[in-house]
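Structure file entry_18.txt; described as compact mmCIF, N, CA and C atoms.
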```txt
# COMPACT_ATOMS: atom_id res chain seq x y z
N MET A 19 222.17 -31.16 -138.15
CA MET A 19 223.08 -30.07 -138.35
C MET A 19 223.92 -29.81 -137.10
N ARG A 20 223.25 -29.82 -135.97
CA ARG A 20 223.94 -29.58 -134.71
C ARG A 20 224.97 -30.67 -134.44
N ASP A 21 224.65 -31.91 -134.76
CA ASP A 21 225.55 -33.04 -134.58
C ASP A 21 226.80 -32.88 -135.45
N LYS A 22 226.63 -32.41 -136.68
CA LYS A 22 227.76 -32.19 -137.58
C LYS A 22 228.67 -31.08 -137.05
N LEU A 23 228.07 -30.03 -136.54
CA LEU A 23 228.83 -28.92 -135.99
C LEU A 23 229.64 -29.38 -134.77
N PHE A 24 229.01 -30.19 -133.93
CA PHE A 24 229.70 -30.73 -132.75
C PHE A 24 230.89 -31.60 -133.17
N LYS A 25 230.71 -32.48 -134.14
CA LYS A 25 231.80 -33.34 -134.61
C LYS A 25 232.92 -32.50 -135.22
N PHE A 26 232.54 -31.46 -135.97
CA PHE A 26 233.55 -30.59 -136.57
C PHE A 26 234.36 -29.88 -135.48
N ALA A 27 233.68 -29.39 -134.44
CA ALA A 27 234.36 -28.68 -133.36
C ALA A 27 235.33 -29.61 -132.63
N ILE A 28 234.89 -30.82 -132.34
CA ILE A 28 235.75 -31.80 -131.67
C ILE A 28 236.96 -32.12 -132.55
N SER A 29 236.73 -32.37 -133.82
CA SER A 29 237.82 -32.67 -134.75
C SER A 29 238.80 -31.51 -134.84
N PHE A 30 238.28 -30.31 -134.91
CA PHE A 30 239.13 -29.13 -135.01
C PHE A 30 240.03 -28.98 -133.78
N PHE A 31 239.47 -29.13 -132.58
CA PHE A 31 240.26 -29.00 -131.37
C PHE A 31 241.28 -30.13 -131.21
N LEU A 32 240.91 -31.35 -131.62
CA LEU A 32 241.88 -32.45 -131.60
C LEU A 32 243.03 -32.16 -132.55
N TYR A 33 242.72 -31.64 -133.73
CA TYR A 33 243.76 -31.27 -134.70
C TYR A 33 244.69 -30.21 -134.11
N LEU A 34 244.13 -29.18 -133.50
CA LEU A 34 244.96 -28.13 -132.90
C LEU A 34 245.84 -28.69 -131.78
N PHE A 35 245.28 -29.52 -130.96
CA PHE A 35 246.02 -30.11 -129.85
C PHE A 35 247.18 -30.95 -130.36
N CYS A 36 246.92 -31.81 -131.33
CA CYS A 36 247.97 -32.69 -131.85
C CYS A 36 249.06 -31.92 -132.58
N THR A 37 248.70 -30.95 -133.39
CA THR A 37 249.71 -30.19 -134.12
C THR A 37 250.51 -29.30 -133.18
N SER A 38 249.90 -28.77 -132.15
CA SER A 38 250.66 -27.94 -131.21
C SER A 38 251.68 -28.78 -130.47
N LYS A 39 251.36 -30.02 -130.14
CA LYS A 39 252.30 -30.91 -129.48
C LYS A 39 253.48 -31.21 -130.40
N MET A 40 253.21 -31.43 -131.69
CA MET A 40 254.28 -31.72 -132.63
C MET A 40 255.18 -30.50 -132.81
N ILE A 41 254.61 -29.33 -132.89
CA ILE A 41 255.39 -28.12 -133.07
C ILE A 41 256.22 -27.83 -131.81
N ALA A 42 255.62 -28.00 -130.66
CA ALA A 42 256.31 -27.70 -129.40
C ALA A 42 257.45 -28.67 -129.13
N SER A 43 257.35 -29.91 -129.62
CA SER A 43 258.38 -30.88 -129.32
C SER A 43 259.68 -30.56 -130.03
N GLY A 44 259.63 -29.92 -131.18
CA GLY A 44 260.83 -29.47 -131.86
C GLY A 44 261.54 -30.55 -132.64
N PRO A 45 262.33 -30.11 -133.60
CA PRO A 45 263.01 -31.04 -134.49
C PRO A 45 264.44 -31.36 -134.08
N GLY A 46 264.91 -30.84 -132.95
CA GLY A 46 266.31 -30.99 -132.57
C GLY A 46 266.70 -32.40 -132.16
N ARG A 47 268.00 -32.69 -132.30
CA ARG A 47 268.53 -34.01 -131.99
C ARG A 47 269.95 -33.84 -131.46
N ILE A 48 270.25 -34.50 -130.33
CA ILE A 48 271.57 -34.44 -129.71
C ILE A 48 272.02 -35.86 -129.41
N GLU A 49 273.26 -36.17 -129.77
CA GLU A 49 273.76 -37.52 -129.48
C GLU A 49 275.24 -37.50 -129.13
N GLY A 50 275.66 -38.55 -128.46
CA GLY A 50 277.06 -38.66 -128.06
C GLY A 50 277.28 -39.96 -127.30
N SER A 51 278.46 -40.09 -126.71
CA SER A 51 278.77 -41.28 -125.92
C SER A 51 279.58 -40.88 -124.70
N VAL A 52 279.64 -41.79 -123.73
CA VAL A 52 280.31 -41.52 -122.45
C VAL A 52 281.25 -42.68 -122.13
N THR A 53 282.51 -42.34 -121.80
CA THR A 53 283.49 -43.37 -121.45
C THR A 53 284.22 -43.00 -120.16
N ASP A 54 284.84 -44.01 -119.55
CA ASP A 54 285.71 -43.83 -118.39
C ASP A 54 287.07 -43.38 -118.92
N ILE A 55 287.58 -42.27 -118.41
CA ILE A 55 288.83 -41.71 -118.94
C ILE A 55 290.04 -42.62 -118.69
N GLU A 56 290.03 -43.38 -117.60
CA GLU A 56 291.17 -44.25 -117.27
C GLU A 56 291.18 -45.54 -118.08
N THR A 57 290.03 -46.17 -118.20
CA THR A 57 289.97 -47.47 -118.87
C THR A 57 289.59 -47.37 -120.34
N GLY A 58 288.94 -46.27 -120.72
CA GLY A 58 288.48 -46.14 -122.11
C GLY A 58 287.21 -46.92 -122.38
N LYS A 59 286.67 -47.58 -121.36
CA LYS A 59 285.44 -48.37 -121.54
C LYS A 59 284.22 -47.47 -121.48
N PHE A 60 283.20 -47.87 -122.20
CA PHE A 60 281.94 -47.12 -122.18
C PHE A 60 281.30 -47.20 -120.80
N VAL A 61 280.59 -46.14 -120.44
CA VAL A 61 279.88 -46.09 -119.15
C VAL A 61 278.39 -46.27 -119.43
N PRO A 62 277.87 -47.48 -119.20
CA PRO A 62 276.44 -47.70 -119.42
C PRO A 62 275.61 -47.08 -118.30
N TYR A 63 274.43 -46.62 -118.65
CA TYR A 63 273.42 -46.10 -117.72
C TYR A 63 273.82 -44.81 -117.01
N ALA A 64 274.75 -44.05 -117.60
CA ALA A 64 275.08 -42.72 -117.07
C ALA A 64 273.89 -41.80 -117.34
N THR A 65 273.67 -40.85 -116.47
CA THR A 65 272.57 -39.90 -116.61
C THR A 65 273.02 -38.72 -117.47
N VAL A 66 272.22 -38.40 -118.49
CA VAL A 66 272.50 -37.28 -119.38
C VAL A 66 271.33 -36.31 -119.27
N GLU A 67 271.62 -35.08 -118.83
CA GLU A 67 270.57 -34.08 -118.60
C GLU A 67 270.78 -32.88 -119.52
N LEU A 68 269.73 -32.49 -120.22
CA LEU A 68 269.75 -31.31 -121.07
C LEU A 68 269.21 -30.14 -120.25
N LEU A 69 270.05 -29.12 -120.04
CA LEU A 69 269.68 -27.97 -119.21
C LEU A 69 269.62 -26.71 -120.07
N ARG A 70 268.61 -25.88 -119.82
CA ARG A 70 268.55 -24.59 -120.50
C ARG A 70 269.70 -23.74 -119.95
N SER A 71 270.44 -23.11 -120.84
CA SER A 71 271.68 -22.45 -120.40
C SER A 71 271.46 -21.21 -119.54
N ASN A 72 270.37 -20.49 -119.73
CA ASN A 72 270.21 -19.24 -118.96
C ASN A 72 269.81 -19.45 -117.51
N ASP A 73 269.15 -20.58 -117.19
CA ASP A 73 268.73 -20.79 -115.80
C ASP A 73 268.88 -22.23 -115.31
N SER A 74 269.50 -23.08 -116.10
CA SER A 74 269.75 -24.49 -115.76
C SER A 74 268.48 -25.30 -115.51
N THR A 75 267.37 -24.88 -116.10
CA THR A 75 266.14 -25.65 -116.01
C THR A 75 266.31 -26.96 -116.78
N LEU A 76 265.89 -28.06 -116.16
CA LEU A 76 265.97 -29.36 -116.82
C LEU A 76 264.94 -29.42 -117.95
N MET A 77 265.42 -29.61 -119.18
CA MET A 77 264.54 -29.65 -120.35
C MET A 77 264.25 -31.08 -120.80
N ALA A 78 265.22 -31.96 -120.65
CA ALA A 78 265.06 -33.36 -121.05
C ALA A 78 266.17 -34.17 -120.40
N GLY A 79 266.01 -35.47 -120.42
CA GLY A 79 267.04 -36.32 -119.86
C GLY A 79 266.94 -37.73 -120.40
N THR A 80 268.02 -38.46 -120.28
CA THR A 80 268.05 -39.85 -120.71
C THR A 80 269.21 -40.53 -120.01
N THR A 81 269.39 -41.81 -120.27
CA THR A 81 270.56 -42.54 -119.78
C THR A 81 271.27 -43.15 -120.98
N THR A 82 272.54 -43.41 -120.80
CA THR A 82 273.28 -44.06 -121.87
C THR A 82 272.88 -45.53 -121.95
N ASN A 83 273.04 -46.12 -123.13
CA ASN A 83 272.71 -47.53 -123.28
C ASN A 83 273.91 -48.39 -122.86
N ASP A 84 273.88 -49.68 -123.15
CA ASP A 84 274.97 -50.59 -122.77
C ASP A 84 276.31 -50.19 -123.39
N ASN A 85 276.27 -49.48 -124.52
CA ASN A 85 277.49 -49.06 -125.21
C ASN A 85 277.86 -47.61 -124.92
N GLY A 86 277.27 -47.02 -123.88
CA GLY A 86 277.59 -45.66 -123.49
C GLY A 86 277.02 -44.58 -124.40
N TYR A 87 276.12 -44.95 -125.31
CA TYR A 87 275.56 -44.02 -126.28
C TYR A 87 274.28 -43.39 -125.75
N TYR A 88 274.10 -42.09 -126.03
CA TYR A 88 272.85 -41.42 -125.67
C TYR A 88 272.29 -40.67 -126.86
N LEU A 89 270.98 -40.48 -126.83
CA LEU A 89 270.27 -39.77 -127.90
C LEU A 89 269.11 -39.00 -127.27
N LEU A 90 269.06 -37.71 -127.55
CA LEU A 90 267.93 -36.88 -127.14
C LEU A 90 267.27 -36.39 -128.43
N GLU A 91 265.99 -36.69 -128.60
CA GLU A 91 265.27 -36.29 -129.79
C GLU A 91 264.15 -35.31 -129.44
N ASN A 92 263.63 -34.66 -130.46
CA ASN A 92 262.52 -33.71 -130.31
C ASN A 92 262.88 -32.57 -129.36
N VAL A 93 264.10 -32.09 -129.46
CA VAL A 93 264.57 -31.00 -128.62
C VAL A 93 264.21 -29.67 -129.30
N PRO A 94 263.60 -28.73 -128.58
CA PRO A 94 263.26 -27.44 -129.18
C PRO A 94 264.53 -26.63 -129.47
N TYR A 95 264.40 -25.66 -130.35
CA TYR A 95 265.52 -24.77 -130.62
C TYR A 95 265.81 -23.94 -129.37
N GLY A 96 267.08 -23.62 -129.17
CA GLY A 96 267.46 -22.79 -128.04
C GLY A 96 268.89 -23.04 -127.63
N LYS A 97 269.30 -22.37 -126.54
CA LYS A 97 270.66 -22.52 -126.00
C LYS A 97 270.61 -23.45 -124.80
N PHE A 98 271.53 -24.43 -124.79
CA PHE A 98 271.53 -25.46 -123.77
C PHE A 98 272.94 -25.78 -123.32
N LEU A 99 273.03 -26.57 -122.25
CA LEU A 99 274.25 -27.24 -121.86
C LEU A 99 273.85 -28.63 -121.38
N ILE A 100 274.82 -29.52 -121.31
CA ILE A 100 274.53 -30.90 -120.91
C ILE A 100 275.34 -31.25 -119.68
N ARG A 101 274.68 -31.92 -118.72
CA ARG A 101 275.35 -32.42 -117.52
C ARG A 101 275.29 -33.95 -117.58
N ILE A 102 276.45 -34.59 -117.42
CA ILE A 102 276.53 -36.04 -117.46
C ILE A 102 277.06 -36.51 -116.11
N SER A 103 276.38 -37.49 -115.51
CA SER A 103 276.79 -37.97 -114.19
C SER A 103 276.57 -39.47 -114.07
N PHE A 104 277.34 -40.06 -113.15
CA PHE A 104 277.20 -41.47 -112.82
C PHE A 104 277.84 -41.68 -111.46
N ILE A 105 277.30 -42.60 -110.68
CA ILE A 105 277.80 -42.88 -109.34
C ILE A 105 279.28 -43.26 -109.40
N GLY A 106 280.08 -42.61 -108.57
CA GLY A 106 281.51 -42.90 -108.52
C GLY A 106 282.34 -42.07 -109.47
N TYR A 107 281.68 -41.16 -110.21
CA TYR A 107 282.39 -40.30 -111.16
C TYR A 107 282.05 -38.84 -110.89
N ARG A 108 282.97 -37.96 -111.26
CA ARG A 108 282.73 -36.53 -111.18
C ARG A 108 281.79 -36.10 -112.30
N LYS A 109 280.88 -35.18 -112.02
CA LYS A 109 279.97 -34.67 -113.05
C LYS A 109 280.77 -33.95 -114.12
N GLU A 110 280.37 -34.15 -115.36
CA GLU A 110 281.00 -33.45 -116.48
C GLU A 110 279.94 -32.62 -117.19
N TYR A 111 280.35 -31.49 -117.71
CA TYR A 111 279.44 -30.59 -118.42
C TYR A 111 279.92 -30.38 -119.85
N ILE A 112 278.98 -30.39 -120.76
CA ILE A 112 279.26 -29.96 -122.13
C ILE A 112 278.82 -28.50 -122.16
N PRO A 113 279.74 -27.58 -122.48
CA PRO A 113 279.41 -26.16 -122.39
C PRO A 113 278.31 -25.74 -123.37
N GLU A 114 277.85 -24.51 -123.20
CA GLU A 114 276.71 -23.99 -123.95
C GLU A 114 276.84 -24.20 -125.46
N PHE A 115 275.72 -24.61 -126.04
CA PHE A 115 275.60 -24.76 -127.48
C PHE A 115 274.19 -24.33 -127.85
N GLU A 116 273.95 -24.16 -129.13
CA GLU A 116 272.64 -23.69 -129.58
C GLU A 116 272.12 -24.55 -130.72
N LEU A 117 270.85 -24.93 -130.61
CA LEU A 117 270.16 -25.60 -131.71
C LEU A 117 269.30 -24.56 -132.42
N THR A 118 269.43 -24.51 -133.74
CA THR A 118 268.69 -23.55 -134.54
C THR A 118 268.11 -24.25 -135.76
N LYS A 119 267.38 -23.50 -136.55
CA LYS A 119 266.83 -24.06 -137.77
C LYS A 119 267.96 -24.50 -138.71
N LYS A 120 269.07 -23.74 -138.71
CA LYS A 120 270.22 -24.09 -139.54
C LYS A 120 271.04 -25.25 -138.96
N ILE A 121 271.07 -25.34 -137.62
CA ILE A 121 271.81 -26.41 -136.94
C ILE A 121 270.85 -27.13 -135.99
N PRO A 122 269.99 -28.03 -136.54
CA PRO A 122 269.00 -28.69 -135.68
C PRO A 122 269.52 -29.91 -134.93
N SER A 123 270.72 -30.39 -135.29
CA SER A 123 271.24 -31.57 -134.59
C SER A 123 272.74 -31.41 -134.35
N ILE A 124 273.19 -32.02 -133.25
CA ILE A 124 274.59 -31.96 -132.87
C ILE A 124 275.04 -33.35 -132.42
N LYS A 125 276.22 -33.76 -132.90
CA LYS A 125 276.86 -35.00 -132.44
C LYS A 125 278.08 -34.59 -131.62
N PHE A 126 278.06 -34.87 -130.33
CA PHE A 126 279.14 -34.46 -129.46
C PHE A 126 280.29 -35.44 -129.42
N GLY A 127 280.13 -36.61 -129.98
CA GLY A 127 281.21 -37.58 -129.88
C GLY A 127 281.31 -38.11 -128.47
N ASN A 128 282.53 -38.24 -127.99
CA ASN A 128 282.76 -38.88 -126.70
C ASN A 128 283.02 -37.86 -125.58
N THR A 129 282.42 -38.12 -124.42
CA THR A 129 282.70 -37.34 -123.21
C THR A 129 283.30 -38.30 -122.19
N ASN A 130 284.42 -37.92 -121.61
CA ASN A 130 285.11 -38.77 -120.62
C ASN A 130 284.67 -38.41 -119.21
N LEU A 131 284.39 -39.43 -118.41
CA LEU A 131 284.11 -39.23 -116.99
C LEU A 131 285.34 -39.61 -116.18
N ILE A 132 285.60 -38.85 -115.13
CA ILE A 132 286.76 -39.08 -114.26
C ILE A 132 286.27 -39.69 -112.96
N ALA A 133 286.88 -40.83 -112.59
CA ALA A 133 286.50 -41.51 -111.35
C ALA A 133 286.75 -40.60 -110.16
N GLU A 134 285.86 -40.66 -109.20
CA GLU A 134 285.96 -39.83 -108.00
C GLU A 134 285.95 -40.75 -106.80
N SER A 135 286.99 -40.65 -105.99
CA SER A 135 287.02 -41.50 -104.80
C SER A 135 286.69 -40.66 -103.58
N ALA A 136 285.97 -41.27 -102.70
CA ALA A 136 285.60 -40.58 -101.45
C ALA A 136 286.20 -41.37 -100.30
N ALA A 137 287.04 -40.72 -99.54
CA ALA A 137 287.65 -41.36 -98.38
C ALA A 137 286.68 -41.28 -97.21
N LEU A 138 286.45 -42.41 -96.60
CA LEU A 138 285.57 -42.44 -95.44
C LEU A 138 286.39 -42.23 -94.18
N GLY A 139 285.79 -41.59 -93.22
CA GLY A 139 286.47 -41.38 -91.93
C GLY A 139 286.47 -42.65 -91.10
N GLU A 140 287.06 -42.55 -89.94
CA GLU A 140 287.15 -43.68 -89.03
C GLU A 140 285.76 -44.03 -88.50
N VAL A 141 285.50 -45.33 -88.39
CA VAL A 141 284.24 -45.81 -87.84
C VAL A 141 284.53 -46.52 -86.53
N VAL A 142 283.84 -46.12 -85.47
CA VAL A 142 284.02 -46.75 -84.16
C VAL A 142 282.73 -47.47 -83.79
N VAL A 143 282.85 -48.75 -83.48
CA VAL A 143 281.70 -49.54 -83.08
C VAL A 143 281.85 -49.89 -81.62
N THR A 144 280.84 -49.54 -80.83
CA THR A 144 280.87 -49.87 -79.41
C THR A 144 279.61 -50.64 -79.06
N GLY A 145 279.76 -51.49 -78.08
CA GLY A 145 278.62 -52.28 -77.64
C GLY A 145 278.40 -52.10 -76.13
N HIS A 146 277.15 -52.21 -75.73
CA HIS A 146 276.81 -52.09 -74.32
C HIS A 146 275.98 -53.30 -73.93
N LYS A 147 276.17 -53.78 -72.68
CA LYS A 147 275.38 -54.90 -72.15
C LYS A 147 274.37 -54.43 -71.18
```

Mind turning this structure into structure tokens?
Amino acid sequence: MRDKLFKFAISFFLYLFCTSKMIASGPGRIEGSVTDIETGKFVPYATVELLRSNDSTLMAGTTTNDNGYYLLENVPYGKFLIRISFIGYRKEYIPEFELTKKIPSIKFGNTNLIAESAALGEVVVTGHK
């Protein structure tokens, strides 16, 4: 009897743990693509960060694939914004949006990144013997 009770307790706690993880992960889905504004070419491996809108806490992140496409799944309901960045480009933000039970997924389409150039100052090389 004690062995059955122990197995039941373990099974019950495993069930609670697994279902709470599924509920907490959320049903939301966000997708879009990233291109270079000058060339129109996709930007592979750009960083896409999902930030909570009230305090900019990082909630999730991913990178774009070879075709500049990104997908964030299992996003909880709430208000967010997206920050997209890549080396040599200015950061771009997708302004605040909300995922709800009525609107659990959003397709943002294309976001353009603008190239950013950094001018380096003069470099002086001196040698001593």

Can you list, as a short mmCIF file (atom, residue, chain, number, x, y, z; two decimals) with N, CA and C atoms, keeping the file's coordinate frame, every protein, DNA or RNA residue that comes within 8 Å of Asn72 (chain A) when you count all atoms listed in the file, leaving out same-chain residues fewer than 4 positions away?
```cif
data_model
loop_
_atom_site.label_atom_id
_atom_site.label_comp_id
_atom_site.auth_asym_id
_atom_site.auth_seq_id
_atom_site.Cartn_x
_atom_site.Cartn_y
_atom_site.Cartn_z
N LYS A 97 269.30 -22.37 -126.54
CA LYS A 97 270.66 -22.52 -126.00
C LYS A 97 270.61 -23.45 -124.80
N PHE A 98 271.53 -24.43 -124.79
CA PHE A 98 271.53 -25.46 -123.77
C PHE A 98 272.94 -25.78 -123.32
N LEU A 99 273.03 -26.57 -122.25
CA LEU A 99 274.25 -27.24 -121.86
C LEU A 99 273.85 -28.63 -121.38
#
```

Please identify all polymer residues within 6 Å of region 63-71 of chain A, counting only N, CA and C atoms, omitting same-chain residues fewer than 4 positions from it, and present them as an mmCIF file with N, CA and C atoms, keeping the file's coordinate frame.
```cif
data_model
loop_
_atom_site.group_PDB
_atom_site.id
_atom_site.type_symbol
_atom_site.label_atom_id
_atom_site.label_comp_id
_atom_site.auth_asym_id
_atom_site.auth_seq_id
_atom_site.Cartn_x
_atom_site.Cartn_y
_atom_site.Cartn_z
ATOM 1 N N THR A 75 267.370 -24.880 -116.100
ATOM 2 C CA THR A 75 266.140 -25.650 -116.010
ATOM 3 C C THR A 75 266.310 -26.960 -116.780
ATOM 4 N N LEU A 76 265.890 -28.060 -116.160
ATOM 5 C CA LEU A 76 265.970 -29.360 -116.820
ATOM 6 C C LEU A 76 264.940 -29.420 -117.950
ATOM 7 N N MET A 77 265.420 -29.610 -119.180
ATOM 8 C CA MET A 77 264.540 -29.650 -120.350
ATOM 9 C C MET A 77 264.250 -31.080 -120.800
ATOM 10 N N ALA A 78 265.220 -31.960 -120.650
ATOM 11 C CA ALA A 78 265.060 -33.360 -121.050
ATOM 12 C C ALA A 78 266.170 -34.170 -120.400
ATOM 13 N N GLY A 79 266.010 -35.470 -120.420
ATOM 14 C CA GLY A 79 267.040 -36.320 -119.860
ATOM 15 C C GLY A 79 266.940 -37.730 -120.400
ATOM 16 N N THR A 80 268.020 -38.460 -120.280
ATOM 17 C CA THR A 80 268.050 -39.850 -120.710
ATOM 18 C C THR A 80 269.210 -40.530 -120.010
ATOM 19 N N THR A 81 269.390 -41.810 -120.270
ATOM 20 C CA THR A 81 270.560 -42.540 -119.780
ATOM 21 C C THR A 81 271.270 -43.150 -120.980
ATOM 22 N N THR A 82 272.540 -43.410 -120.800
ATOM 23 C CA THR A 82 273.280 -44.060 -121.870
ATOM 24 C C THR A 82 272.880 -45.530 -121.950
ATOM 25 N N ASN A 83 273.040 -46.120 -123.130
ATOM 26 C CA ASN A 83 272.710 -47.530 -123.280
ATOM 27 C C ASN A 83 273.910 -48.390 -122.860
ATOM 28 N N ASP A 84 273.880 -49.680 -123.150
ATOM 29 C CA ASP A 84 274.970 -50.590 -122.770
ATOM 30 C C ASP A 84 276.310 -50.190 -123.390
ATOM 31 N N GLY A 86 277.270 -47.020 -123.880
ATOM 32 C CA GLY A 86 277.590 -45.660 -123.490
ATOM 33 C C GLY A 86 277.020 -44.580 -124.400
ATOM 34 N N LYS A 97 269.300 -22.370 -126.540
ATOM 35 C CA LYS A 97 270.660 -22.520 -126.000
ATOM 36 C C LYS A 97 270.610 -23.450 -124.800
ATOM 37 N N PHE A 98 271.530 -24.430 -124.790
ATOM 38 C CA PHE A 98 271.530 -25.460 -123.770
ATOM 39 C C PHE A 98 272.940 -25.780 -123.320
ATOM 40 N N LEU A 99 273.030 -26.570 -122.250
ATOM 41 C CA LEU A 99 274.250 -27.240 -121.860
ATOM 42 C C LEU A 99 273.850 -28.630 -121.380
ATOM 43 N N ILE A 100 274.820 -29.520 -121.310
ATOM 44 C CA ILE A 100 274.530 -30.900 -120.910
ATOM 45 C C ILE A 100 275.340 -31.250 -119.680
ATOM 46 N N ARG A 101 274.680 -31.920 -118.720
ATOM 47 C CA ARG A 101 275.350 -32.420 -117.520
ATOM 48 C C ARG A 101 275.290 -33.950 -117.580
ATOM 49 N N ILE A 102 276.450 -34.590 -117.420
ATOM 50 C CA ILE A 102 276.530 -36.040 -117.460
ATOM 51 C C ILE A 102 277.060 -36.510 -116.110
ATOM 52 N N SER A 103 276.380 -37.490 -115.510
ATOM 53 C CA SER A 103 276.790 -37.970 -114.190
ATOM 54 C C SER A 103 276.570 -39.470 -114.070
ATOM 55 N N PHE A 104 277.340 -40.060 -113.150
ATOM 56 C CA PHE A 104 277.200 -41.470 -112.820
ATOM 57 C C PHE A 104 277.840 -41.680 -111.460
#
```

Quick one: of A:Asn85, A:Pro94, A:Pro62, A:Glu134, who's nearest to Pro122 (chain A), counting all atoms listed in the file? A:Pro94

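The space separating CA of Leu90 (chain A) from CA of Glu49 (chain A) comes to 6.3 Å.
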
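Our summary of the geometry notes that CA of Val61 (chain A) is positioned 10.2 Å from CA of Tyr107 (chain A).
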
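As for CA of Thr118 (chain A) and CA of Gly96 (chain A), they are spaced 6.7 Å apart.
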
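Counting only C-alpha atoms and comparing A:Thr53, A:Val141, A:Leu131, A:Pro45, the residue that lies closest to Tyr87 (chain A) is A:Thr53.
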
Just give me the residues with any atom within 10 Å of (285.3, -35.4, -118.1), file coordinates, counting only C-alpha atoms, written as number ranges by chain. A: 52-55, 102-103, 107-112, 128-133

Report the residues of region 25-146 of chain A whose backbone DSSP state falls under strand (DSSP E), written as number ranges by chain. A: 46-54, 65-70, 76-81, 87-93, 96-103, 110-117, 123-131

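Using only C-alpha atoms, the smallest distance between any of A:Val143, A:Tyr88, A:Ile48, A:Glu56 and Ser123 (chain A) comes from A:Ile48.
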